[in-house]
>>> print(open('upload-v6.cif').read())   # mmCIF, C-alpha atoms and all ligand atoms
data_run
loop_
_atom_site.label_atom_id
_atom_site.label_comp_id
_atom_site.auth_asym_id
_atom_site.auth_seq_id
_atom_site.Cartn_x
_atom_site.Cartn_y
_atom_site.Cartn_z
CA MET A 229 0.00 0.00 0.00
CA ALA A 230 2.77 2.41 1.00
CA ARG A 231 4.78 1.42 -2.06
CA ALA A 232 2.09 2.71 -4.43
CA ALA A 233 2.40 6.18 -2.90
CA PHE A 234 6.10 6.21 -3.76
CA SER A 235 5.82 5.08 -7.35
CA GLY A 236 6.95 8.48 -8.69
CA CYS A 237 10.01 8.46 -6.46
CA GLU A 238 10.84 4.91 -7.36
CA GLN A 239 10.80 5.70 -11.07
CA ILE A 240 13.32 8.46 -10.51
CA GLU A 241 15.41 6.15 -8.35
CA ARG A 242 15.30 3.47 -11.05
CA SER A 243 16.58 5.87 -13.71
CA TYR A 244 19.38 6.92 -11.39
CA SER A 245 19.91 3.31 -10.43
CA ALA A 246 20.44 2.20 -14.05
CA ARG A 247 23.27 4.68 -14.33
CA ALA A 248 24.50 3.83 -10.88
CA PHE A 249 24.49 0.12 -11.80
CA PHE A 250 27.01 0.62 -14.62
CA THR A 251 29.03 2.95 -12.41
CA ASN A 252 29.08 0.33 -9.69
CA ILE A 253 30.35 -2.28 -12.15
CA PHE A 254 33.11 0.08 -13.19
CA ILE A 255 34.05 0.89 -9.58
CA PHE A 256 33.81 -2.81 -8.71
CA LYS A 257 36.26 -3.69 -11.48
CA CYS A 258 38.61 -0.86 -10.51
CA ARG A 259 38.63 -1.93 -6.91
CA LEU A 260 39.25 -5.54 -7.82
CA ILE A 261 42.22 -4.43 -9.88
CA CYS A 262 43.40 -2.29 -6.96
CA GLY A 263 42.96 -5.23 -4.62
CA GLU A 264 40.33 -3.40 -2.53
CA LYS A 265 37.43 -5.23 -0.94
CA HIS A 266 34.16 -3.91 -2.32
CA LEU A 267 30.62 -4.96 -1.70
CA LEU A 268 27.79 -4.00 -4.03
CA GLU A 269 25.17 -2.73 -1.62
CA SER A 270 21.40 -3.03 -1.80
CA LYS A 271 18.80 -0.28 -1.33
CA ASP A 272 18.37 -1.43 2.27
CA THR A 273 22.01 -1.02 3.12
CA LYS A 274 22.05 2.32 1.31
CA GLU A 275 19.35 3.60 3.69
CA ASN A 276 21.00 1.96 6.69
CA ALA A 277 24.32 3.49 5.71
CA PHE A 278 22.68 6.92 5.47
CA VAL A 279 21.21 6.60 8.97
CA ASN A 280 24.14 4.91 10.69
CA ARG A 281 27.01 6.84 9.14
CA LEU A 282 25.21 10.15 9.64
CA ALA A 283 24.59 9.30 13.31
CA LYS A 284 28.22 8.38 13.82
CA TRP A 285 29.45 11.54 12.10
CA PHE A 286 26.98 13.72 14.04
CA SER A 287 28.10 12.33 17.40
CA SER A 288 31.63 13.59 16.74
CA SER A 289 31.16 16.50 14.31
CA GLY A 290 27.64 17.85 14.82
CA ARG A 291 27.26 21.51 15.75
CA ASP A 292 26.18 22.78 19.12
CA PHE A 293 23.68 25.63 19.47
CA PRO A 294 21.99 26.92 22.63
CA TRP A 295 18.54 26.13 21.23
CA ARG A 296 19.46 22.46 20.89
CA HIS A 297 19.48 22.25 24.71
CA GLU A 298 16.19 24.10 25.13
CA LYS A 299 13.15 22.35 26.67
CA ASP A 300 10.74 25.30 26.83
CA HIS A 301 8.12 24.80 24.09
CA TYR A 302 7.56 28.53 23.62
CA LYS A 303 11.29 29.16 23.08
CA ILE A 304 11.57 26.21 20.69
CA LEU A 305 8.66 27.48 18.60
CA VAL A 306 10.01 31.05 18.51
CA THR A 307 13.52 29.84 17.64
CA GLU A 308 12.28 27.77 14.71
CA LYS A 309 10.53 30.87 13.39
CA LEU A 310 13.68 32.95 13.93
CA LEU A 311 15.69 30.37 11.95
CA GLN A 312 13.48 30.70 8.87
CA GLN A 313 15.09 32.33 5.81
CA THR A 314 18.26 33.39 7.59
CA THR A 315 21.54 31.94 8.81
CA TYR A 316 22.30 30.28 12.13
CA GLY A 317 25.01 32.92 12.65
CA HIS A 318 22.48 35.76 12.44
CA VAL A 319 20.11 34.00 14.83
CA MET A 320 22.97 33.49 17.32
CA LYS A 321 23.35 37.29 17.42
CA VAL A 322 19.71 37.96 18.42
CA TYR A 323 18.85 34.78 20.34
CA LYS A 324 19.95 35.86 23.83
CA THR A 325 18.55 39.39 23.56
CA PHE A 326 15.21 38.15 22.24
CA PHE A 327 14.57 35.84 25.18
CA GLN A 328 15.88 38.34 27.75
CA LYS A 329 13.29 40.78 26.46
CA PHE A 330 10.49 38.26 25.82
CA PRO A 331 11.11 35.31 28.16
CA ASP A 332 7.58 33.95 27.79
CA VAL A 333 4.52 34.18 25.60
CA LYS A 334 2.85 36.85 27.76
CA ASN A 335 5.80 39.24 27.39
CA LEU A 336 5.78 38.68 23.65
CA ALA A 337 2.04 39.32 23.38
CA LYS A 338 2.38 42.60 25.35
CA ALA A 339 5.24 43.91 23.20
CA GLU A 340 4.86 46.60 20.57
CA VAL A 341 5.52 45.30 17.06
CA SER A 342 8.27 47.92 16.72
CA GLU A 343 10.08 46.54 19.83
CA ILE A 344 10.15 43.03 18.36
CA GLU A 345 11.16 44.45 14.99
CA ASN A 346 14.17 46.26 16.48
CA ILE A 347 15.54 43.08 18.01
CA ILE A 348 15.18 40.90 14.92
CA ARG A 349 16.16 43.55 12.37
CA ARG A 350 19.32 41.75 11.25
CA LEU A 351 17.33 38.61 10.27
CA GLY A 352 15.44 40.36 7.46
CA PHE A 353 11.67 40.54 6.86
CA GLN A 354 11.61 42.07 10.35
CA ARG A 355 8.29 43.92 10.06
CA GLN A 356 6.44 40.86 8.78
CA ARG A 357 8.10 38.56 11.31
CA ALA A 358 7.44 40.93 14.22
CA LYS A 359 3.74 41.11 13.36
CA GLN A 360 3.58 37.32 13.08
CA PHE A 361 5.25 36.90 16.49
CA LYS A 362 2.78 39.27 18.14
CA GLU A 363 -0.26 37.61 16.54
CA MET A 364 1.08 34.15 17.28
CA ALA A 365 1.57 35.04 20.96
CA LEU A 366 -1.96 36.46 21.21
CA THR A 367 -3.41 33.28 19.66
CA LEU A 368 -1.44 31.07 22.04
CA ILE A 369 -2.85 32.99 25.00
CA GLU A 370 -6.42 33.31 23.75
CA THR A 371 -6.83 29.84 22.24
CA HIS A 372 -4.31 27.54 23.90
CA GLY A 373 -4.03 28.77 27.50
CA SER A 374 -0.51 30.20 26.80
CA GLU A 375 0.75 26.73 25.83
CA VAL A 376 2.22 25.61 22.51
CA PRO A 377 -0.13 23.02 20.97
CA SER A 378 1.29 19.55 20.44
CA ASN A 379 -0.68 18.69 17.32
CA LYS A 380 0.07 19.70 13.78
CA GLU A 381 -3.35 21.09 12.87
CA ASP A 382 -3.26 23.66 15.69
CA LEU A 383 0.38 24.54 15.03
CA LEU A 384 -0.40 25.20 11.36
CA ARG A 385 -3.17 27.60 12.39
CA LEU A 386 -0.65 29.87 14.17
CA ASN A 387 0.40 32.96 12.27
CA GLY A 388 3.57 32.36 10.26
CA VAL A 389 3.81 28.65 11.04
CA GLY A 390 4.14 26.39 8.00
CA GLU A 391 4.97 22.70 7.50
CA TYR A 392 8.66 23.05 8.38
CA VAL A 393 8.17 24.93 11.66
CA ALA A 394 5.23 22.72 12.68
CA ASN A 395 7.25 19.53 12.11
CA ALA A 396 10.32 21.00 13.81
CA VAL A 397 8.25 21.88 16.90
CA LEU A 398 6.68 18.40 17.01
CA CYS A 399 10.16 16.89 16.84
CA PHE A 400 12.24 19.26 19.00
CA ALA A 401 9.60 20.24 21.59
CA PHE A 402 7.42 17.14 21.79
CA ASN A 403 9.93 14.40 20.86
CA LYS A 404 7.74 13.04 18.07
CA ASP A 405 9.39 10.91 15.38
CA VAL A 406 8.77 13.43 12.61
CA ALA A 407 11.08 14.22 9.71
CA ILE A 408 11.63 17.84 8.78
CA LEU A 409 12.17 18.94 5.22
CA ASP A 410 13.65 22.12 3.81
CA MET A 411 15.65 22.99 0.71
CA ASN A 412 18.88 21.74 2.36
CA VAL A 413 17.43 18.34 3.23
CA ARG A 414 15.94 18.15 -0.29
CA ARG A 415 19.38 18.82 -1.75
CA VAL A 416 21.02 16.03 0.30
CA THR A 417 18.35 13.41 -0.41
CA GLY A 418 18.15 14.48 -4.06
CA ARG A 419 21.86 13.85 -4.47
CA TYR A 420 22.27 10.74 -2.34
CA PHE A 421 19.00 8.90 -3.05
CA GLY A 422 17.98 10.60 -6.30
CA TRP A 423 14.68 11.83 -4.82
CA LYS A 424 14.81 15.11 -6.70
CA GLU A 425 11.36 14.88 -8.27
CA CYS A 426 9.58 13.42 -5.25
CA LYS A 427 6.64 15.20 -3.70
CA ASP A 428 7.39 16.75 -0.31
CA ALA A 429 4.89 14.52 1.48
CA ASP A 430 6.55 11.40 0.00
CA MET A 431 10.00 12.60 1.05
CA VAL A 432 8.85 13.35 4.59
CA GLU A 433 7.33 9.89 4.84
CA LYS A 434 10.43 8.16 3.43
CA LEU A 435 12.65 10.08 5.86
CA ARG A 436 10.30 9.40 8.77
CA ALA A 437 10.48 5.67 8.03
CA MET A 438 14.27 5.86 8.48
CA ILE A 439 14.23 7.57 11.89
CA PRO A 440 15.49 5.25 14.61
CA ARG A 441 12.74 5.14 17.26
CA GLY A 442 13.09 8.03 19.71
CA LYS A 443 16.04 9.56 17.83
CA ALA A 444 14.26 12.07 15.59
CA LYS A 445 16.07 15.09 17.06
CA GLU A 446 19.51 13.64 16.40
CA PHE A 447 18.43 12.36 12.96
CA ASN A 448 17.10 15.76 11.86
CA TRP A 449 20.01 17.72 13.35
CA ALA A 450 22.46 15.34 11.66
CA ILE A 451 20.97 15.99 8.19
CA ILE A 452 20.83 19.75 8.85
CA ASP A 453 24.50 19.81 9.87
CA PHE A 454 25.58 17.48 7.08
CA SER A 455 23.83 19.74 4.55
CA ALA A 456 25.64 22.76 5.99
CA LEU A 457 29.12 21.29 6.46
CA ILE A 458 29.61 18.59 3.81
CA CYS A 459 26.74 18.22 1.31
CA SER A 460 26.51 21.98 0.96
CA ARG A 461 25.70 23.88 -2.23
CA LYS A 462 29.26 23.10 -3.33
CA PRO A 463 29.48 19.55 -1.99
CA LYS A 464 32.71 18.32 -0.40
CA CYS A 465 32.45 14.85 -1.93
CA ASN A 466 36.17 14.24 -1.45
CA ILE A 467 35.70 14.10 2.34
CA CYS A 468 32.18 12.64 2.36
CA PHE A 469 31.61 9.38 4.23
CA LEU A 470 28.63 8.58 1.96
CA SER A 471 30.32 9.00 -1.42
CA ASP A 472 30.60 5.25 -2.15
CA LEU A 473 26.78 4.97 -2.14
CA CYS A 474 25.82 8.42 -3.41
CA LEU A 475 24.05 8.58 -6.79
CA TYR A 476 25.24 12.13 -7.46
CA TYR A 477 28.84 11.15 -6.79
CA GLN A 478 28.56 8.02 -8.91
CA ALA A 479 27.15 10.06 -11.82
CA LEU A 480 29.93 12.61 -11.35
CA THR A 481 32.53 9.85 -11.43
CA LEU A 482 30.97 8.38 -14.57
CA ASP A 483 30.99 11.79 -16.29
CA GLN A 484 34.70 12.11 -15.61
CA LEU A 485 35.60 8.77 -17.23
S1 LIG A 501 29.14 12.33 -2.04
FE1 LIG A 501 28.90 14.54 -2.37
S2 LIG A 501 26.83 14.79 -3.19
FE2 LIG A 501 26.96 12.75 -2.27
S3 LIG A 501 26.16 12.99 -0.20
FE3 LIG A 501 28.39 13.22 -0.11
S4 LIG A 501 28.79 15.42 -0.32
FE4 LIG A 501 26.67 15.04 -0.96
#
>>> encode(input="upload-v6.cif", output="C-alpha cells")
Amino acid sequence: MARAAFSGCEQIERSYSARAFFTNIFIFKCRLICGEKHLLESKDTKENAFVNRLAKWFSSSGRDFPWRHEKDHYKILVTEKLLQQTTYGHVMKVYKTFFQKFPDVKNLAKAEVSEIENIIRRLGFQRQRAKQFKEMALTLIETHGSEVPSNKEDLLRLNGVGEYVANAVLCFAFNKDVAILDMNVRRVTGRYFGWKECKDADMVEKLRAMIPRGKAKEFNWAIIDFSALICSRKPKCNICFLSDLCLYYQALTLDQL
C-alpha cells in the first residue's frame, strides 16, 4: 500500500539506479584491480548506511547551538521561526537578547511590534516577522491557554507557522518521530538517493520511516548539519563518508571517465 504512494520516487530512483548500476560495475572492477574489498550494496544497506554513518558523524562532528538544549516549548517554537530564511550565525546574534526581552509568551504578546522588529532587524523581513510573532503570541494565550499546541493542525493555524516549523516543533519540543524537510534536506536526499522529483509529502514519509525510534532530534540535526558542512551547495564529496553509495557522486565519477 505504502509502495504505491512512492511510485513516482521509485521511477526516478530506477533511472538513477540504471546509471549507478554501470558505475558500480566500473568501480567494482577498478577496486578488484586495486585489490580493494568492495561490496555491491542493496537499497536497504544504502538507507542503513545513510542513517548509521550520519549518526556516527553527528556524534563527533555535529554543531552545538543553545537552542538544541532548550526544553521550553515557547522558546523552541520562537527559535524555529527565527531560523526561517536566515543563517544560524544571524540567529545566534539575536537569540539571547530576544529571550531576555520576551522570556515567555505573555511578554511577547504585550510587546509593541516595533520593539520586536528592532531586536530581529538583522534577520530580514523584520516587520512581517514581528507582526507574526505578536499575533502568534496572542493566539497562544487566547486559544491555547498560553501553551504551545502539540498537534500539527493547531500549530499550522498559528500565524507564520508552516509545514517546516510545525514539524520542527513536534520533533524538537514534543519528541515526536517526525522528519523535517527544507531545501537543504531536499538537496542532500536528491543527491544521495535521487529523490529530486519526489513530492514533499513522499520525502517526509520516506525520511520518517528511516528515523530510529526516539532519535528524531539527532536524525534531523544530523541531516541539517551534514547539509551545511559537507553536502553543501558546493558539496565536499572528497571528504564525504557517503560517497561510495551516493548517486550524485557516482554520476559525477561516470561523467569524468
Ligand atoms: S558524495 Fe557529495 S553529493 Fe553525495 S552525499 Fe556526499 S557530499 Fe553530498
>>> residues_near_ligand(input="upload-v6.cif", ligand="ligand LIG 501 (chain A)", cutoff="8 Å", atoms="all atoms listed in the file", output="VMD selection string")
chain A and resid 416 to 417 419 to 420 455 458 to 460 463 to 477
>>> atom_distance(input="upload-v6.cif", atom1="atom CA of A:Glu375", atom2="atom CA of A:Lys445")
21.1 Å
>>> residues_around(input="upload-v6.cif", residues="stretch 316-332 of chain A", least_positions_apart="3", cutoff="8 Å", atoms="only C-alpha atoms", output="list in words")
Tyr302, Lys303, Thr307, Leu310, Leu311, Asn335, Leu336, Ile347, Ile348, Arg350 and Leu351 of chain A
>>> residues_around(input="upload-v6.cif", residues="stretch 378-389 of chain A", least_positions_apart="3", cutoff="6 Å", atoms="all atoms listed in the file", output="ChimeraX atom specification")
/A:360,364,393-394
>>> residues_around(input="upload-v6.cif", residues="stretch 428-442 of chain A", least_positions_apart="2", cutoff="6 Å", atoms="only C-alpha atoms", output="count of residues only")
3
>>> build_atoms(input="upload-v6.cif", residues="stretch 286-309 of chain A", atoms="N, CA and C atoms", output="PDB file, in the frame of the given file")
ATOM      1  N   PHE A 286      27.587  12.663  13.223  1.00  0.00           N
ATOM      2  CA  PHE A 286      26.980  13.720  14.040  1.00  0.00           C
ATOM      3  C   PHE A 286      27.469  13.660  15.480  1.00  0.00           C
ATOM      4  N   SER A 287      27.675  12.443  15.995  1.00  0.00           N
ATOM      5  CA  SER A 287      28.100  12.330  17.400  1.00  0.00           C
ATOM      6  C   SER A 287      29.490  12.939  17.612  1.00  0.00           C
ATOM      7  N   SER A 288      30.294  12.999  16.562  1.00  0.00           N
ATOM      8  CA  SER A 288      31.630  13.590  16.740  1.00  0.00           C
ATOM      9  C   SER A 288      31.755  14.965  16.099  1.00  0.00           C
ATOM     10  N   SER A 289      30.950  15.258  15.070  1.00  0.00           N
ATOM     11  CA  SER A 289      31.160  16.500  14.310  1.00  0.00           C
ATOM     12  C   SER A 289      29.935  17.401  14.223  1.00  0.00           C
ATOM     13  N   GLY A 290      28.846  17.006  14.863  1.00  0.00           N
ATOM     14  CA  GLY A 290      27.640  17.850  14.820  1.00  0.00           C
ATOM     15  C   GLY A 290      27.889  19.179  15.518  1.00  0.00           C
ATOM     16  N   ARG A 291      27.093  20.179  15.153  1.00  0.00           N
ATOM     17  CA  ARG A 291      27.260  21.510  15.750  1.00  0.00           C
ATOM     18  C   ARG A 291      26.456  21.618  17.046  1.00  0.00           C
ATOM     19  N   ASP A 292      26.879  22.569  17.852  1.00  0.00           N
ATOM     20  CA  ASP A 292      26.180  22.780  19.120  1.00  0.00           C
ATOM     21  C   ASP A 292      25.607  24.198  19.126  1.00  0.00           C
ATOM     22  N   PHE A 293      24.320  24.307  19.380  1.00  0.00           N
ATOM     23  CA  PHE A 293      23.680  25.630  19.470  1.00  0.00           C
ATOM     24  C   PHE A 293      22.868  25.668  20.758  1.00  0.00           C
ATOM     25  N   PRO A 294      22.727  26.861  21.355  1.00  0.00           N
ATOM     26  CA  PRO A 294      21.990  26.920  22.630  1.00  0.00           C
ATOM     27  C   PRO A 294      20.573  26.373  22.509  1.00  0.00           C
ATOM     28  N   TRP A 295      19.931  26.590  21.357  1.00  0.00           N
ATOM     29  CA  TRP A 295      18.540  26.130  21.230  1.00  0.00           C
ATOM     30  C   TRP A 295      18.434  24.606  21.154  1.00  0.00           C
ATOM     31  N   ARG A 296      19.537  23.930  20.910  1.00  0.00           N
ATOM     32  CA  ARG A 296      19.460  22.460  20.890  1.00  0.00           C
ATOM     33  C   ARG A 296      19.398  21.873  22.302  1.00  0.00           C
ATOM     34  N   HIS A 297      19.593  22.726  23.316  1.00  0.00           N
ATOM     35  CA  HIS A 297      19.480  22.250  24.710  1.00  0.00           C
ATOM     36  C   HIS A 297      18.175  22.722  25.338  1.00  0.00           C
ATOM     37  N   GLU A 298      17.393  23.461  24.583  1.00  0.00           N
ATOM     38  CA  GLU A 298      16.190  24.100  25.130  1.00  0.00           C
ATOM     39  C   GLU A 298      15.052  23.084  25.315  1.00  0.00           C
ATOM     40  N   LYS A 299      14.310  23.242  26.416  1.00  0.00           N
ATOM     41  CA  LYS A 299      13.150  22.350  26.670  1.00  0.00           C
ATOM     42  C   LYS A 299      11.832  23.133  26.633  1.00  0.00           C
ATOM     43  N   ASP A 300      11.928  24.450  26.765  1.00  0.00           N
ATOM     44  CA  ASP A 300      10.740  25.300  26.830  1.00  0.00           C
ATOM     45  C   ASP A 300      10.058  25.354  25.445  1.00  0.00           C
ATOM     46  N   HIS A 301       8.815  24.900  25.383  1.00  0.00           N
ATOM     47  CA  HIS A 301       8.120  24.800  24.090  1.00  0.00           C
ATOM     48  C   HIS A 301       7.982  26.163  23.396  1.00  0.00           C
ATOM     49  N   TYR A 302       7.690  27.180  24.191  1.00  0.00           N
ATOM     50  CA  TYR A 302       7.560  28.530  23.620  1.00  0.00           C
ATOM     51  C   TYR A 302       8.874  28.950  22.945  1.00  0.00           C
ATOM     52  N   LYS A 303       9.996  28.746  23.645  1.00  0.00           N
ATOM     53  CA  LYS A 303      11.290  29.160  23.080  1.00  0.00           C
ATOM     54  C   LYS A 303      11.658  28.325  21.847  1.00  0.00           C
ATOM     55  N   ILE A 304      11.286  27.063  21.865  1.00  0.00           N
ATOM     56  CA  ILE A 304      11.570  26.210  20.690  1.00  0.00           C
ATOM     57  C   ILE A 304      10.768  26.693  19.481  1.00  0.00           C
ATOM     58  N   LEU A 305       9.495  26.989  19.701  1.00  0.00           N
ATOM     59  CA  LEU A 305       8.660  27.480  18.600  1.00  0.00           C
ATOM     60  C   LEU A 305       9.202  28.812  18.059  1.00  0.00           C
ATOM     61  N   VAL A 306       9.503  29.741  18.949  1.00  0.00           N
ATOM     62  CA  VAL A 306      10.010  31.050  18.510  1.00  0.00           C
ATOM     63  C   VAL A 306      11.337  30.878  17.762  1.00  0.00           C
ATOM     64  N   THR A 307      12.207  30.028  18.289  1.00  0.00           N
ATOM     65  CA  THR A 307      13.520  29.840  17.640  1.00  0.00           C
ATOM     66  C   THR A 307      13.354  29.281  16.228  1.00  0.00           C
ATOM     67  N   GLU A 308      12.460  28.324  16.060  1.00  0.00           N
ATOM     68  CA  GLU A 308      12.280  27.770  14.710  1.00  0.00           C
ATOM     69  C   GLU A 308      11.774  28.832  13.746  1.00  0.00           C
ATOM     70  N   LYS A 309      10.975  29.761  14.259  1.00  0.00           N
ATOM     71  CA  LYS A 309      10.530  30.870  13.390  1.00  0.00           C
ATOM     72  C   LYS A 309      11.694  31.840  13.121  1.00  0.00           C
TER      73      LYS A 309
END
